[in-house]
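Engineer: If you scroll down you'll find the structure; I have some questions about it.
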Amino acid sequence: MTAPVKFPRFFVTAPAPCPYLPDRQERKVFTEIDGPDAEALNDALGRIGFRRSQNVAYRPNCASCSACVSVRVVASEFRASGTQKRTMKANGDLIATATRPWSTVEQYDLLQKYLSVRHPDGGMSAMDEMDYADMVEQTPVTSYVIEYREPGEDGTPGRLVGACLTDRQDDGLSMIYSFYDPHHPARTGLGNYIILDHIRRAGQSDLPYVYLGYWIEGSPRMQYKVRYRPLERLGRQGWERFDADRQSALIAEASAPRRGDGGTHGGNKDGMPGGQRQYAAAKR
């Protein structure tokens with residue numbers, strides 16, 4: 001006789017300024033992931049729009065806003081666009097290796113370089129090496145750090161130019177947090193290449209989906225997620241495909257030149273929502 005699965009306790013964080021849309025407040029519902037059923041719980045919550053941060057699974061629960069929409073790529077049906085094919089070709093020499101979730105100084109230095117350019121005013125900019133180690137190593141589920149390295153002169157893995165903390169779920173790969181060299185003199189599209197490589201990996205492993213986190217219409221730095229077809233979004237009736245014409249319009253809008261920095265500065269990137277203190281405070 002098997003023991004019954006313990007139903008998780010859920011908590012709600014206090015309202016805080018939204019890091020994605022101005023003049024709005026965010027709030028999250030969350031639960032802890034631990035114990036022998038951690039993998040099954042994380043898989044189940046992932047299918048209904050939760051994201052993992054260390055040993056916590058969370059999703060937006062804002063009182064007057066529903067802009068955050070969970071999205072996932074259907075890996076088995078993905079067809080690369082012309083731009084995506086060029087990105088894959090330009091970076092096809094990179095050596096990608098799935099390593100155990102163990103932080104390194106090299107990863108941390110690359111993260112700091114990335115944050116200083118892409119999110120200089122976000123909450124993660126103050127992370128020290130211990131914070132980064134907690135982010136990577138405190139995982140109760142099957143996780144990897146997939147490293148992307150340039151080949152050395154002898155063909156062996158050389159300089160680290162990208163990395164992604166990734167969870168393997170029973171129905172796909174969940175990209176928890178990715179970062180890369182934002183000013184590489186000879187490479188463009190590293191962030192897109194990391195997503196494309198995850199789609200390839202999912203397909204090779206017969207995993208149907210790649211989870212990209214939240215897409216937020218009106219937040220410029222979240223619009224890159226609409227470029228992958230076919231894309232599904234989680235609504236009240238469950239997962240459904242983006243309308244093809246609607247997605248084409250969103251891709252065109254995301255590809256249009258923007259004034260200024262294009263909205264890359266500011267709050268936290270999806271997948272690392274403000275650190276763990278907010279969750280500890282909500283349980284008191």
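Within each chain, counting starts at residue 1; across the structure tokens, chains are named A, B, ... in the order shown, with ligands numbered 1 upward in that order.
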Would you give me, as a PyMOL selection string, the residues in range 31-237 of chain A that DSSP reads as strand (DSSP E or B)?
Structural biologist: chain A and resi 31-32+51-53+56-60+68-74+95-99+143-151+157-169+172-180+209-216+231-235
Engineer: So that I can check the surroundings of Gly158 in chain A, please list as a ChimeraX atom specification every protein, DNA and RNA residue that reaches within 12 Å of it, counting only C-alpha atoms and ignoring chain neighbours fewer than 6 positions away.
Structural biologist: /A:93-97,106,147-152
Engineer: Give me the residues within 12 Å of Val69 in chain A as a ChimeraX atom specification, counting only C-alpha atoms and dropping any in the same chain fewer than 3 places off.
Structural biologist: /A:48-51,59-61,65-66,72,211-219,222-223,225-226,231-236,238-240,242,270
Engineer: I need the residues of range 33-257 of chain A that end up classed as alpha helix (DSSP H) by DSSP on the backbone, written out as a ChimeraX atom specification.
Structural biologist: /A:38-46,82-90,105-118,129-137,190-204,244-255
Engineer: Can you tell me how far CA of Gln84 in chain A sits from CA of Ser205 in chain A, in Å to one decimal?
Structural biologist: 21.0 Å
Engineer: Would you please work out which residue, of A:Cys18, A:Val105, A:Val71, A:Ala57, is nearest to Tyr279 in chain A when using only C-alpha atoms?
Structural biologist: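 The shortest atom-to-atom distance to Tyr279 in chain A comes from A:Ala57.
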Engineer: Taking only C-alpha atoms into account, which of A:Val74, A:Ala249, A:Val29, A:Ala80 comes nearest Gly203 in chain A?
Structural biologist: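 Checking each of A:Val74, A:Ala249, A:Val29, A:Ala80 against Gly203 in chain A, counting only C-alpha atoms, the winner is A:Val74.
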Engineer: When you count only C-alpha atoms, which of these residues is closest to Asp206 in chain A: A:Leu173, A:Ala133, A:Ala244, A:Met127?
Structural biologist: A:Leu173
Engineer: So, counting only C-alpha atoms, which residue among A:Asp131, A:Glu26, A:Asp37, A:Asp109 is closest to Gln54 in chain A?
Structural biologist: A:Asp131
Engineer: Skip Pro36 in chain A itself and residues of its chain fewer than 2 positions away, then list as an NGL selection string all residues within 10 Å of it, counting only C-alpha atoms.
Structural biologist: :A and (5 or 33-34 or 38-41 or 140-141)
Engineer: Ile176 in chain A: which residues within 12 Å, counting only C-alpha atoms, same-chain residues fewer than 2 positions away excluded, as a CSV table (one decimal) with all heavy atoms, in the first residue's frame?
Structural biologist:
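Okay, this is what ended up in selection27.csv:
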```
chain,number,residue,atom,x,y,z
A,46,GLY,N,4.1,22.7,-13.0
A,46,GLY,CA,4.6,23.3,-14.2
A,46,GLY,C,3.5,23.3,-15.3
A,46,GLY,O,3.5,24.2,-16.1
A,50,PHE,N,3.1,27.2,-13.1
A,50,PHE,CA,4.0,27.6,-12.0
A,50,PHE,C,5.4,27.5,-12.6
A,50,PHE,O,5.7,26.8,-13.5
A,50,PHE,CB,3.9,26.6,-10.8
A,50,PHE,CG,2.7,26.9,-9.9
A,50,PHE,CD1,1.4,26.6,-10.3
A,50,PHE,CD2,3.0,27.5,-8.7
A,50,PHE,CE1,0.4,26.9,-9.4
A,50,PHE,CE2,1.9,27.8,-7.8
A,50,PHE,CZ,0.6,27.5,-8.2
A,51,ARG,N,6.3,28.3,-11.9
A,51,ARG,CA,7.7,28.3,-12.2
A,51,ARG,C,8.5,28.0,-11.0
A,51,ARG,O,8.0,28.3,-9.9
A,51,ARG,CB,8.1,29.7,-12.7
A,51,ARG,CG,7.5,30.1,-14.0
A,51,ARG,CD,8.2,29.5,-15.2
A,51,ARG,NE,9.5,30.1,-15.5
A,51,ARG,CZ,10.4,29.5,-16.3
A,51,ARG,NH1,10.1,28.4,-16.9
A,51,ARG,NH2,11.5,30.1,-16.5
A,52,ARG,N,9.7,27.4,-11.1
A,52,ARG,CA,10.5,27.1,-10.0
A,52,ARG,C,11.6,28.1,-9.7
A,52,ARG,O,12.2,28.6,-10.6
A,52,ARG,CB,11.2,25.7,-10.1
A,52,ARG,CG,11.9,25.3,-8.9
A,52,ARG,CD,12.6,23.9,-9.1
A,52,ARG,NE,13.7,24.1,-10.0
A,52,ARG,CZ,15.0,24.5,-9.7
A,52,ARG,NH1,15.2,24.9,-8.4
A,52,ARG,NH2,15.9,24.6,-10.6
A,53,SER,N,11.8,28.5,-8.4
A,53,SER,CA,12.9,29.3,-8.0
A,53,SER,C,13.4,28.6,-6.7
A,53,SER,O,12.8,28.7,-5.7
A,53,SER,CB,12.4,30.7,-7.7
A,53,SER,OG,13.5,31.5,-7.2
A,54,GLN,N,14.6,27.9,-6.9
A,54,GLN,CA,15.1,27.1,-5.8
A,54,GLN,C,14.1,26.1,-5.3
A,54,GLN,O,13.7,25.3,-6.2
A,54,GLN,CB,15.7,28.0,-4.7
A,54,GLN,CG,16.8,28.9,-5.1
A,54,GLN,CD,17.4,29.8,-4.0
A,54,GLN,OE1,17.4,29.4,-2.9
A,54,GLN,NE2,17.8,31.0,-4.4
A,57,ALA,N,7.9,26.9,-5.9
A,57,ALA,CA,7.1,27.0,-7.1
A,57,ALA,C,6.1,28.1,-7.0
A,57,ALA,O,5.4,28.2,-6.0
A,57,ALA,CB,6.4,25.7,-7.5
A,135,MET,N,21.0,29.8,-6.0
A,135,MET,CA,20.1,29.8,-7.2
A,135,MET,C,20.3,28.5,-8.0
A,135,MET,O,19.3,27.9,-8.5
A,135,MET,CB,20.4,31.0,-8.1
A,135,MET,CG,19.7,31.0,-9.4
A,135,MET,SD,20.2,32.5,-10.4
A,135,MET,CE,20.0,31.9,-12.0
A,136,VAL,N,21.5,28.0,-8.2
A,136,VAL,CA,21.8,26.9,-9.0
A,136,VAL,C,21.7,25.6,-8.2
A,136,VAL,O,21.1,24.6,-8.7
A,136,VAL,CB,23.2,27.0,-9.6
A,136,VAL,CG1,23.7,25.7,-10.3
A,136,VAL,CG2,23.3,28.2,-10.5
A,139,THR,N,18.2,22.8,-5.6
A,139,THR,CA,17.1,22.3,-6.4
A,139,THR,C,16.7,20.9,-5.9
A,139,THR,O,17.5,20.1,-5.7
A,139,THR,CB,17.6,22.2,-7.9
A,139,THR,OG1,16.6,21.5,-8.7
A,139,THR,CG2,18.9,21.5,-8.1
A,143,SER,N,17.8,18.8,-12.4
A,143,SER,CA,18.3,20.1,-13.0
A,143,SER,C,19.7,20.0,-13.6
A,143,SER,O,20.5,19.1,-13.1
A,143,SER,CB,18.3,21.2,-12.0
A,143,SER,OG,17.0,21.4,-11.4
A,144,TYR,N,20.0,20.8,-14.5
A,144,TYR,CA,21.3,20.9,-15.1
A,144,TYR,C,21.7,22.4,-15.3
A,144,TYR,O,20.8,23.2,-15.4
A,144,TYR,CB,21.3,20.2,-16.5
A,144,TYR,CG,20.6,18.9,-16.6
A,144,TYR,CD1,19.3,18.8,-17.0
A,144,TYR,CD2,21.4,17.7,-16.3
A,144,TYR,CE1,18.7,17.5,-17.1
A,144,TYR,CE2,20.8,16.5,-16.4
A,144,TYR,CZ,19.4,16.4,-16.8
A,144,TYR,OH,18.8,15.2,-16.9
A,145,VAL,N,23.0,22.6,-15.4
A,145,VAL,CA,23.5,23.8,-16.0
A,145,VAL,C,24.0,23.5,-17.4
A,145,VAL,O,25.0,22.7,-17.5
A,145,VAL,CB,24.5,24.5,-15.2
A,145,VAL,CG1,25.1,25.8,-15.9
A,145,VAL,CG2,23.9,24.9,-13.8
A,146,ILE,N,23.4,23.9,-18.4
A,146,ILE,CA,23.9,23.7,-19.8
A,146,ILE,C,24.8,24.8,-20.1
A,146,ILE,O,24.4,25.9,-20.2
A,146,ILE,CB,22.7,23.5,-20.8
A,146,ILE,CG1,21.8,22.4,-20.3
A,146,ILE,CG2,23.3,23.2,-22.2
A,146,ILE,CD1,20.6,22.1,-21.2
A,163,ALA,N,25.1,30.1,-20.7
A,163,ALA,CA,24.7,29.1,-19.8
A,163,ALA,C,23.2,29.2,-19.5
A,163,ALA,O,22.6,30.2,-19.6
A,163,ALA,CB,25.5,29.2,-18.5
A,164,CYS,N,22.6,28.0,-19.1
A,164,CYS,CA,21.2,28.0,-18.7
A,164,CYS,C,20.9,27.0,-17.6
A,164,CYS,O,21.4,25.9,-17.8
A,164,CYS,CB,20.3,27.7,-20.0
A,164,CYS,SG,18.6,27.8,-19.6
A,165,LEU,N,20.3,27.4,-16.6
A,165,LEU,CA,19.8,26.5,-15.5
A,165,LEU,C,18.5,26.0,-16.0
A,165,LEU,O,17.5,26.7,-16.3
A,165,LEU,CB,19.6,27.3,-14.2
A,165,LEU,CG,19.0,26.5,-13.1
A,165,LEU,CD1,19.9,25.3,-12.7
A,165,LEU,CD2,18.8,27.4,-11.9
A,166,THR,N,18.4,24.6,-16.2
A,166,THR,CA,17.3,24.0,-16.8
A,166,THR,C,16.8,22.8,-16.0
A,166,THR,O,17.6,22.0,-15.5
A,166,THR,CB,17.8,23.4,-18.2
A,166,THR,OG1,18.3,24.5,-19.0
A,166,THR,CG2,16.6,22.7,-18.9
A,167,ASP,N,15.5,22.7,-15.9
A,167,ASP,CA,14.8,21.6,-15.2
A,167,ASP,C,14.3,20.6,-16.3
A,167,ASP,O,13.8,21.0,-17.3
A,167,ASP,CB,13.6,22.0,-14.4
A,167,ASP,CG,14.0,22.7,-13.1
A,167,ASP,OD1,15.2,22.8,-12.8
A,167,ASP,OD2,13.1,23.2,-12.4
A,168,ARG,N,14.5,19.3,-16.0
A,168,ARG,CA,13.9,18.3,-16.9
A,168,ARG,C,12.6,17.9,-16.2
A,168,ARG,O,12.6,17.3,-15.1
A,168,ARG,CB,14.8,17.1,-17.1
A,168,ARG,CG,14.1,16.1,-18.0
A,168,ARG,CD,15.0,14.9,-18.3
A,168,ARG,NE,14.2,13.8,-19.0
A,168,ARG,CZ,14.5,13.3,-20.1
A,168,ARG,NH1,15.6,13.7,-20.8
A,168,ARG,NH2,13.7,12.4,-20.7
A,169,GLN,N,11.5,18.1,-16.9
A,169,GLN,CA,10.2,17.7,-16.4
A,169,GLN,C,9.7,16.5,-17.3
A,169,GLN,O,10.4,16.1,-18.3
A,169,GLN,CB,9.2,18.8,-16.5
A,169,GLN,CG,9.5,20.1,-15.7
A,169,GLN,CD,8.6,21.2,-15.9
A,169,GLN,OE1,8.8,22.3,-15.3
A,169,GLN,NE2,7.5,21.1,-16.6
A,173,LEU,N,11.4,20.4,-21.2
A,173,LEU,CA,12.5,21.2,-20.5
A,173,LEU,C,12.0,22.5,-20.1
A,173,LEU,O,11.3,23.2,-20.9
A,173,LEU,CB,13.7,21.3,-21.5
A,173,LEU,CG,14.3,20.1,-22.0
A,173,LEU,CD1,15.4,20.4,-23.0
A,173,LEU,CD2,14.8,19.2,-20.8
A,174,SER,N,12.2,22.9,-18.9
A,174,SER,CA,11.8,24.2,-18.4
A,174,SER,C,13.1,25.1,-18.2
A,174,SER,O,14.0,24.7,-17.4
A,174,SER,CB,11.1,24.1,-17.0
A,174,SER,OG,10.8,25.3,-16.5
A,178,SER,N,18.6,31.8,-18.1
A,178,SER,CA,19.7,31.8,-19.1
A,178,SER,C,20.5,33.1,-19.1
A,178,SER,O,19.9,34.1,-18.8
A,178,SER,CB,19.2,31.5,-20.5
A,178,SER,OG,18.4,32.5,-21.0
A,179,PHE,N,21.7,33.0,-19.4
A,179,PHE,CA,22.6,34.2,-19.5
A,179,PHE,C,23.7,34.0,-20.4
A,179,PHE,O,24.1,32.8,-20.7
A,179,PHE,CB,23.0,34.7,-18.1
A,179,PHE,CG,23.8,33.6,-17.3
A,179,PHE,CD1,25.1,33.6,-17.3
A,179,PHE,CD2,23.0,32.7,-16.5
A,179,PHE,CE1,25.8,32.6,-16.5
A,179,PHE,CE2,23.7,31.8,-15.8
A,179,PHE,CZ,25.1,31.7,-15.8
A,195,ILE,N,17.8,29.1,-26.6
A,195,ILE,CA,16.5,28.6,-26.7
A,195,ILE,C,16.4,27.5,-27.8
A,195,ILE,O,15.8,26.4,-27.7
A,195,ILE,CB,15.5,29.7,-27.0
A,195,ILE,CG1,15.4,30.7,-25.8
A,195,ILE,CG2,14.1,29.1,-27.2
A,195,ILE,CD1,14.6,31.9,-26.0
A,198,HIS,N,17.7,24.3,-26.8
A,198,HIS,CA,16.8,23.6,-25.9
A,198,HIS,C,15.7,22.9,-26.7
A,198,HIS,O,15.2,21.8,-26.3
A,198,HIS,CB,16.2,24.5,-24.8
A,198,HIS,CG,17.1,24.7,-23.7
A,198,HIS,ND1,18.3,25.4,-23.7
A,198,HIS,CD2,17.0,24.3,-22.4
A,198,HIS,CE1,18.9,25.4,-22.5
A,198,HIS,NE2,18.1,24.7,-21.7
A,210,VAL,N,9.1,22.9,-24.6
A,210,VAL,CA,10.1,23.7,-23.9
A,210,VAL,C,9.4,24.8,-23.3
A,210,VAL,O,8.7,25.7,-24.0
A,210,VAL,CB,11.2,24.2,-24.9
A,210,VAL,CG1,12.1,25.2,-24.2
A,210,VAL,CG2,12.0,23.1,-25.5
A,211,TYR,N,9.4,24.9,-22.0
A,211,TYR,CA,8.7,25.9,-21.2
A,211,TYR,C,9.6,27.2,-21.1
A,211,TYR,O,10.7,27.1,-20.7
A,211,TYR,CB,8.4,25.4,-19.8
A,211,TYR,CG,7.3,24.4,-19.8
A,211,TYR,CD1,7.5,23.1,-20.0
A,211,TYR,CD2,5.9,24.8,-19.5
A,211,TYR,CE1,6.5,22.1,-20.0
A,211,TYR,CE2,4.9,23.9,-19.5
A,211,TYR,CZ,5.2,22.5,-19.7
A,211,TYR,OH,4.2,21.6,-19.7
A,212,LEU,N,9.0,28.3,-21.6
A,212,LEU,CA,9.8,29.6,-21.6
A,212,LEU,C,9.4,30.6,-20.5
A,212,LEU,O,9.9,31.7,-20.5
A,212,LEU,CB,9.5,30.3,-23.0
A,212,LEU,CG,10.0,29.5,-24.2
A,212,LEU,CD1,9.7,30.4,-25.5
A,212,LEU,CD2,11.5,29.1,-24.1
A,213,GLY,N,8.5,30.2,-19.6
A,213,GLY,CA,8.1,31.1,-18.5
A,213,GLY,C,6.9,31.9,-19.0
A,213,GLY,O,6.0,31.4,-19.6
A,214,TYR,N,7.0,33.2,-18.6
A,214,TYR,CA,5.8,34.1,-18.8
A,214,TYR,C,6.1,35.0,-20.0
A,214,TYR,O,7.1,35.6,-20.1
A,214,TYR,CB,5.5,34.9,-17.5
A,214,TYR,CG,5.2,34.0,-16.4
A,214,TYR,CD1,6.0,33.9,-15.2
A,214,TYR,CD2,4.1,33.1,-16.4
A,214,TYR,CE1,5.7,33.1,-14.2
A,214,TYR,CE2,3.8,32.3,-15.4
A,214,TYR,CZ,4.6,32.3,-14.3
A,214,TYR,OH,4.3,31.4,-13.2
A,269,LYS,N,14.5,39.6,-14.6
A,269,LYS,CA,14.1,38.7,-15.7
A,269,LYS,C,13.2,37.6,-15.2
A,269,LYS,O,13.4,37.1,-14.0
A,269,LYS,CB,15.4,38.1,-16.3
A,269,LYS,CG,15.2,37.2,-17.5
A,269,LYS,CD,16.5,36.7,-18.0
A,269,LYS,CE,16.3,35.7,-19.1
A,269,LYS,NZ,17.7,35.3,-19.6
A,270,ASP,N,12.3,37.2,-16.0
A,270,ASP,CA,11.4,36.0,-15.6
A,270,ASP,C,12.3,34.8,-15.2
A,270,ASP,O,13.2,34.5,-15.8
A,270,ASP,CB,10.5,35.7,-16.8
A,270,ASP,CG,9.7,34.4,-16.5
A,270,ASP,OD1,9.2,34.3,-15.4
A,270,ASP,OD2,9.7,33.6,-17.5
A,271,GLY,N,11.9,34.2,-14.1
A,271,GLY,CA,12.6,33.0,-13.6
A,271,GLY,C,13.4,33.3,-12.4
A,271,GLY,O,13.7,32.3,-11.7
A,272,MET,N,13.6,34.5,-12.1
A,272,MET,CA,14.3,34.9,-10.8
A,272,MET,C,13.6,36.0,-10.2
A,272,MET,O,14.1,37.2,-10.2
A,272,MET,CB,15.8,35.2,-11.1
A,272,MET,CG,16.6,35.3,-9.9
A,272,MET,SD,16.7,33.8,-8.9
A,272,MET,CE,17.6,34.3,-7.5
A,273,PRO,N,12.4,35.8,-9.6
A,273,PRO,CA,11.5,36.9,-9.2
A,273,PRO,C,11.8,37.5,-7.8
A,273,PRO,O,11.1,37.3,-6.9
A,273,PRO,CB,10.2,36.2,-9.2
A,273,PRO,CG,10.5,34.8,-8.7
A,273,PRO,CD,11.9,34.5,-9.3
```
Engineer: Which of these residues is nearest to Tyr114 in chain A, using only C-alpha atoms: A:Met88, A:Ala75, A:Ile199, A:Val161?
Structural biologist: A:Val161
Engineer: What is the distance between CA of Lys85 in chain A and CA of Leu207 in chain A, in Å to one decimal?
Structural biologist: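 Distance reported for this atom pair: 21.4 Å.
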Engineer: Between CA of Gly92 in chain A and CA of His119 in chain A, measure the distance and give it in Å to one decimal.
Structural biologist: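 Answer for the CA of Gly92 in chain A to CA of His119 in chain A separation: 26.9 Å.
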Engineer: Using only C-alpha atoms for the distances, tell me which of A:Arg100, A:Lys28, A:Arg221, A:Arg118 is nearest to Ser255 in chain A.
Structural biologist: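 When distances to Ser255 in chain A are compared using only C-alpha atoms, the smallest one comes from A:Arg221.
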Engineer: Could you give me, as a list of chain:residue names, the residues within 8 Å of Gln25 in chain A, counting only C-alpha atoms and dropping anything in the same chain fewer than 3 positions from it?
Structural biologist: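 Residues near the query, excluding close chain neighbours: A:Pro15, A:Ala16, A:Pro17, A:Cys18, A:Cys62.
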Engineer: Output C-alpha atoms for every residue in the selection just made, as a compact mmCIF listing (two decimals), in the first residue's frame.
Structural biologist:
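Below is the file out11.txt, written as the result:
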```txt
# COMPACT_ATOMS: atom_id res chain seq x y z
CA PRO A 15 1.91 43.14 -2.99
CA ALA A 16 5.04 44.71 -4.48
CA PRO A 17 5.83 46.93 -7.49
CA CYS A 18 5.57 44.96 -10.72
CA CYS A 62 -2.30 39.66 -9.03
```
